[in-house]
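Just work.cif here, mmCIF, C-alpha atoms:
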```cif
data_coords
#
loop_
_atom_site.label_atom_id
_atom_site.label_comp_id
_atom_site.auth_asym_id
_atom_site.auth_seq_id
_atom_site.Cartn_x
_atom_site.Cartn_y
_atom_site.Cartn_z
CA MET A 1 -5.27 -27.32 -2.93
CA ALA A 2 -6.45 -24.14 -4.67
CA ASP A 3 -9.49 -26.01 -6.03
CA ASP A 4 -10.42 -27.18 -2.51
CA VAL A 5 -10.15 -23.65 -1.10
CA ARG A 6 -12.05 -22.26 -4.08
CA ASP A 7 -14.85 -24.81 -3.60
CA ARG A 8 -15.18 -23.95 0.10
CA LEU A 9 -15.25 -20.22 -0.62
CA ALA A 10 -17.72 -20.65 -3.48
CA GLU A 11 -20.16 -22.23 -1.03
CA LEU A 12 -19.79 -19.40 1.49
CA ASP A 13 -22.59 -16.87 1.96
CA PHE A 14 -20.42 -13.76 2.03
CA ALA A 15 -23.35 -11.60 3.14
CA GLY A 16 -23.35 -13.54 6.42
CA VAL A 17 -19.61 -13.32 7.03
CA THR A 18 -18.47 -10.62 9.43
CA PRO A 19 -15.46 -8.47 8.54
CA GLU A 20 -13.49 -10.20 11.30
CA GLU A 21 -14.38 -13.65 9.93
CA PHE A 22 -13.39 -12.54 6.45
CA ALA A 23 -10.07 -11.25 7.80
CA GLY A 24 -9.45 -14.68 9.33
CA ILE A 25 -10.18 -16.39 6.00
CA VAL A 26 -7.78 -14.09 4.14
CA LYS A 27 -5.11 -14.51 6.81
CA GLY A 28 -5.16 -18.25 6.17
CA LEU A 29 -4.46 -17.82 2.45
CA SER A 30 -1.17 -17.09 0.75
CA ALA A 31 -0.94 -14.42 -1.95
CA ARG A 32 -0.51 -17.23 -4.47
CA GLN A 33 -3.68 -18.99 -3.29
CA ILE A 34 -5.65 -15.76 -3.49
CA THR A 35 -4.42 -15.14 -7.02
CA GLU A 36 -5.29 -18.70 -8.05
CA ILE A 37 -8.85 -18.56 -6.71
CA ALA A 38 -9.69 -14.92 -7.51
CA THR A 39 -11.34 -15.69 -10.82
CA GLY A 40 -14.77 -15.64 -12.37
CA GLU A 41 -17.93 -15.39 -10.34
CA LEU A 42 -16.17 -15.90 -7.00
CA ARG A 43 -13.97 -12.85 -7.61
CA THR A 44 -16.99 -10.79 -8.63
CA ARG A 45 -18.88 -11.82 -5.46
CA VAL A 46 -15.97 -11.06 -3.15
CA LEU A 47 -15.23 -7.64 -4.66
CA GLY A 48 -18.92 -6.76 -4.69
CA GLU A 49 -19.32 -7.67 -1.04
CA ILE A 50 -16.23 -5.73 0.05
CA PHE A 51 -17.11 -2.58 -1.83
CA GLY A 52 -20.76 -2.99 -0.85
CA ARG A 53 -19.76 -2.79 2.81
CA MET A 54 -17.41 0.18 2.54
CA GLY A 55 -20.15 2.61 3.45
CA GLU A 56 -20.88 0.61 6.62
CA GLN A 57 -17.18 0.49 7.55
CA PHE A 58 -16.76 4.24 6.97
CA ARG A 59 -16.00 6.48 9.97
CA PRO A 60 -17.62 9.87 9.26
CA SER A 61 -16.18 11.44 12.40
CA ALA A 62 -12.63 10.63 11.26
CA ALA A 63 -13.23 12.02 7.77
CA GLY A 64 -14.52 15.38 8.99
CA GLU A 65 -14.78 17.75 6.02
CA LEU A 66 -12.84 15.48 3.65
CA ARG A 67 -14.05 15.50 0.05
CA ALA A 68 -12.37 12.99 -2.24
CA LEU A 69 -12.96 10.60 -5.08
CA ILE A 70 -10.80 7.50 -4.71
CA ARG A 71 -10.47 5.18 -7.69
CA TRP A 72 -9.60 1.56 -6.95
CA ARG A 73 -8.19 -0.44 -9.87
CA ILE A 74 -7.96 -4.09 -8.92
CA THR A 75 -5.94 -6.08 -11.42
CA GLY A 76 -6.11 -9.82 -11.87
CA GLU A 77 -7.80 -11.92 -14.53
CA SER A 78 -9.35 -8.62 -15.58
CA GLU A 79 -9.34 -5.12 -14.19
CA ALA A 80 -12.15 -4.22 -11.81
CA VAL A 81 -12.66 -0.53 -11.12
CA TYR A 82 -14.60 0.88 -8.19
CA GLU A 83 -14.85 4.44 -6.96
CA THR A 84 -15.47 5.68 -3.47
CA VAL A 85 -16.62 9.22 -2.94
CA ILE A 86 -16.16 10.66 0.51
CA ALA A 87 -18.13 13.86 1.01
CA ASP A 88 -20.54 15.39 3.49
CA GLY A 89 -19.82 12.74 6.11
CA ARG A 90 -20.75 9.87 3.79
CA CYS A 91 -18.96 7.29 1.69
CA THR A 92 -20.63 6.10 -1.48
CA VAL A 93 -19.33 3.43 -3.81
CA THR A 94 -19.93 2.88 -7.51
CA GLU A 95 -18.62 0.22 -9.83
CA GLY A 96 -16.79 1.35 -12.94
CA PRO A 97 -14.78 4.46 -13.69
CA SER A 98 -16.46 7.83 -13.99
CA ALA A 99 -15.28 10.76 -16.07
CA ALA A 100 -14.41 12.68 -12.88
CA ASP A 101 -10.81 13.23 -11.85
CA ALA A 102 -9.83 11.06 -8.92
CA ARG A 103 -8.00 12.70 -6.06
CA LEU A 104 -6.31 9.34 -5.45
CA THR A 105 -5.96 6.25 -7.63
CA LEU A 106 -4.86 2.96 -6.10
CA VAL A 107 -3.78 0.06 -8.31
CA MET A 108 -3.14 -3.40 -6.91
CA GLY A 109 -3.64 -7.07 -7.58
CA ASP A 110 -6.30 -9.21 -6.00
CA ALA A 111 -4.04 -10.57 -3.26
CA ALA A 112 -2.77 -7.14 -2.21
CA PHE A 113 -6.30 -5.74 -2.19
CA LEU A 114 -7.70 -8.53 -0.03
CA LYS A 115 -4.75 -8.35 2.36
CA LEU A 116 -5.18 -4.55 2.60
CA VAL A 117 -8.93 -4.43 3.26
CA SER A 118 -8.84 -7.33 5.70
CA GLY A 119 -6.11 -5.79 7.84
CA ASN A 120 -3.68 -8.58 6.94
CA GLY A 121 -1.15 -6.42 5.14
CA SER A 122 0.81 -3.30 5.96
CA PRO A 123 -0.20 -0.51 3.56
CA VAL A 124 3.23 1.10 3.91
CA THR A 125 5.11 -2.11 3.15
CA MET A 126 2.79 -2.87 0.25
CA PHE A 127 3.39 0.60 -1.18
CA LEU A 128 7.17 0.38 -0.73
CA THR A 129 7.30 -3.04 -2.38
CA ARG A 130 5.08 -1.77 -5.24
CA LYS A 131 2.26 -4.20 -4.49
CA ILE A 132 0.15 -1.05 -4.30
CA VAL A 133 0.74 1.79 -6.75
CA ALA A 134 -0.74 5.11 -5.70
CA SER A 135 -1.06 8.22 -7.80
CA GLY A 136 -2.49 11.55 -6.86
CA ASP A 137 -2.80 12.71 -3.24
CA LEU A 138 -0.29 10.51 -1.43
CA SER A 139 -1.07 12.10 1.93
CA LEU A 140 -4.67 10.91 1.48
CA ALA A 141 -3.33 7.44 0.65
CA ALA A 142 -1.18 7.44 3.78
CA GLY A 143 -4.15 8.25 6.03
CA LEU A 144 -6.86 6.28 4.25
CA HIS A 145 -6.96 3.58 6.92
CA ARG A 146 -8.19 6.15 9.47
CA TYR A 147 -11.47 6.61 7.61
CA PHE A 148 -12.58 2.98 7.76
CA ASP A 149 -13.03 0.31 10.41
CA ILE A 150 -10.59 -2.26 9.11
CA PRO A 151 -10.83 -5.67 10.77
CA GLY A 152 -7.87 -7.63 11.95
CA ALA A 153 -7.40 -11.34 12.11
#
```

Mind turning the file's structure into structure tokens?
Amino acid sequence: MADDVRDRLAELDFAGVTPEEFAGIVKGLSARQITEIATGELRTRVLGEIFGRMGEQFRPSAAGELRALIRWRITGESEAVYETVIADGRCTVTEGPSAADARLTLVMGDAAFLKLVSGNGSPVTMFLTRKIVASGDLSLAAGLHRYFDIPGA
């Protein structure tokens, strides 16, 4: 079954998928299925598309004067690191860790990450069950969802 799902996703043009459509795809997958298919080039494409859209999903009015570097460490077949910098009413994303100190670091597996960014998982529950490990400014972590338009399925 995982191979069938993987094949269908591999054929998908993620650039043409709306956040709501993506949320529906993720909702239909179990954490186990996500883990099984989140490998190789497909994983790279999905993470790239999600982080590539973060700036578009950002709500500058909600962030106000917030200035923060958030480091995302996505574990799985290998660790992928992305950083979002929120400052001056903008959100910029870079791949790879910088030498700068992060105000908040979030560590999670592929399944937890996809459930989180697609609105298919409760951030609080995921934190309490250690599917997400946060270090640094936990109040920023608690309110992070306010700064982005997160779809729901």

(request) Spell out the residues picked by the PyMOL selection byres ((chain A and resi 29-42) around 10) here, as JSON, numbers by chain. (result) {"A": [1, 2, 3, 4, 5, 6, 7, 9, 10, 11, 12, 24, 25, 26, 27, 28, 43, 44, 45, 46, 47, 48, 76, 77, 78, 109, 110, 111, 112, 114, 115]}

Just-selected residues, C-alpha atoms written as a PDB file, in the frame of the given file:
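Just written: part19.pdb:
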```pdb
ATOM      1  CA  MET A   1      -5.270 -27.320  -2.930  1.00  0.00           C
ATOM      2  CA  ALA A   2      -6.450 -24.140  -4.670  1.00  0.00           C
ATOM      3  CA  ASP A   3      -9.490 -26.010  -6.030  1.00  0.00           C
ATOM      4  CA  ASP A   4     -10.420 -27.180  -2.510  1.00  0.00           C
ATOM      5  CA  VAL A   5     -10.150 -23.650  -1.100  1.00  0.00           C
ATOM      6  CA  ARG A   6     -12.050 -22.260  -4.080  1.00  0.00           C
ATOM      7  CA  ASP A   7     -14.850 -24.810  -3.600  1.00  0.00           C
ATOM      8  CA  LEU A   9     -15.250 -20.220  -0.620  1.00  0.00           C
ATOM      9  CA  ALA A  10     -17.720 -20.650  -3.480  1.00  0.00           C
ATOM     10  CA  GLU A  11     -20.160 -22.230  -1.030  1.00  0.00           C
ATOM     11  CA  LEU A  12     -19.790 -19.400   1.490  1.00  0.00           C
ATOM     12  CA  GLY A  24      -9.450 -14.680   9.330  1.00  0.00           C
ATOM     13  CA  ILE A  25     -10.180 -16.390   6.000  1.00  0.00           C
ATOM     14  CA  VAL A  26      -7.780 -14.090   4.140  1.00  0.00           C
ATOM     15  CA  LYS A  27      -5.110 -14.510   6.810  1.00  0.00           C
ATOM     16  CA  GLY A  28      -5.160 -18.250   6.170  1.00  0.00           C
ATOM     17  CA  ARG A  43     -13.970 -12.850  -7.610  1.00  0.00           C
ATOM     18  CA  THR A  44     -16.990 -10.790  -8.630  1.00  0.00           C
ATOM     19  CA  ARG A  45     -18.880 -11.820  -5.460  1.00  0.00           C
ATOM     20  CA  VAL A  46     -15.970 -11.060  -3.150  1.00  0.00           C
ATOM     21  CA  LEU A  47     -15.230  -7.640  -4.660  1.00  0.00           C
ATOM     22  CA  GLY A  48     -18.920  -6.760  -4.690  1.00  0.00           C
ATOM     23  CA  GLY A  76      -6.110  -9.820 -11.870  1.00  0.00           C
ATOM     24  CA  GLU A  77      -7.800 -11.920 -14.530  1.00  0.00           C
ATOM     25  CA  SER A  78      -9.350  -8.620 -15.580  1.00  0.00           C
ATOM     26  CA  GLY A 109      -3.640  -7.070  -7.580  1.00  0.00           C
ATOM     27  CA  ASP A 110      -6.300  -9.210  -6.000  1.00  0.00           C
ATOM     28  CA  ALA A 111      -4.040 -10.570  -3.260  1.00  0.00           C
ATOM     29  CA  ALA A 112      -2.770  -7.140  -2.210  1.00  0.00           C
ATOM     30  CA  LEU A 114      -7.700  -8.530  -0.030  1.00  0.00           C
ATOM     31  CA  LYS A 115      -4.750  -8.350   2.360  1.00  0.00           C
TER      32      LYS A 115
END
```

Within 10 Å of stretch 49-53 of chain A, which residues of stretch 85-133 of chain A show up? Give each one with its shortest atom-to-atom distance in Å (one decimal) and the two atoms involved, counting only C-alpha atoms, rows by chain then rising residue number, as CSV.
```
residue,atom,partner,partner_atom,distance
A:Thr92,CA,A:Gly52,CA,9.1
A:Val93,CA,A:Phe51,CA,6.7
A:Thr94,CA,A:Phe51,CA,8.4
A:Glu95,CA,A:Phe51,CA,8.6
A:Leu114,CA,A:Ile50,CA,9.0
A:Val117,CA,A:Ile50,CA,8.1
A:Ser118,CA,A:Ile50,CA,9.4
```

(request) Could you state which residues are captured by the PyMOL selection byres ((chain A and resi 71) around 10) in this file, as a list in words? (result)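 Residues picked by the PyMOL selection byres ((chain A and resi 71) around 10): Ala68, Leu69, Ile70, Trp72, Arg73, Ile74, Val81, Tyr82, Glu83, Thr84, Val85, Val93, Thr94, Glu95, Gly96, Pro97, Ser98, Ala100, Asp101, Ala102, Arg103, Leu104, Thr105, Leu106, Val107, Ala134 and Ser135 of chain A.
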
(message) Which residues would end up in the selection if the PyMOL selection byres ((chain A and resi 87) around 9) were applied here, given that I need the answer as a list in words?
(response) Ala63, Gly64, Glu65, Leu66, Arg67, Ala68, Leu69, Val85, Ile86, Asp88, Gly89, Arg90, Cys91 and Thr92 of chain A

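As for atom CA of A:Ile150 and atom CA of A:Ile132, they are spaced 17.2 Å apart.
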
(request) Tell me which of A:Met126, A:Ala99, A:Ala15, A:Ala62 sits closest to A:Arg146, counting only C-alpha atoms. (result)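 Among the listed residues, A:Ala62 lies closest to A:Arg146.
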
(message) Please report the interatomic distance between atom CA of A:Gly119 and atom CA of A:Pro151 in Å with one decimal.
(response)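 Interatomic distance here is 5.6 Å.
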
(request) Please indicate the distance in Å from atom CA of A:Glu20 to atom CA of A:Arg8, rounded to one decimal place. (result)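 Separation of atom CA of A:Glu20 and atom CA of A:Arg8: 17.8 Å.
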
(message) Within 12 Å of (-16.3, 0.4, 12.0) in the file's own coordinates, which protein, DNA or RNA residues have an atom, counting only C-alpha atoms? List them as JSON, numbers by chain.
(response) {"A": [18, 19, 20, 53, 54, 55, 56, 57, 58, 59, 60, 61, 62, 145, 146, 147, 148, 149, 150, 151, 152]}
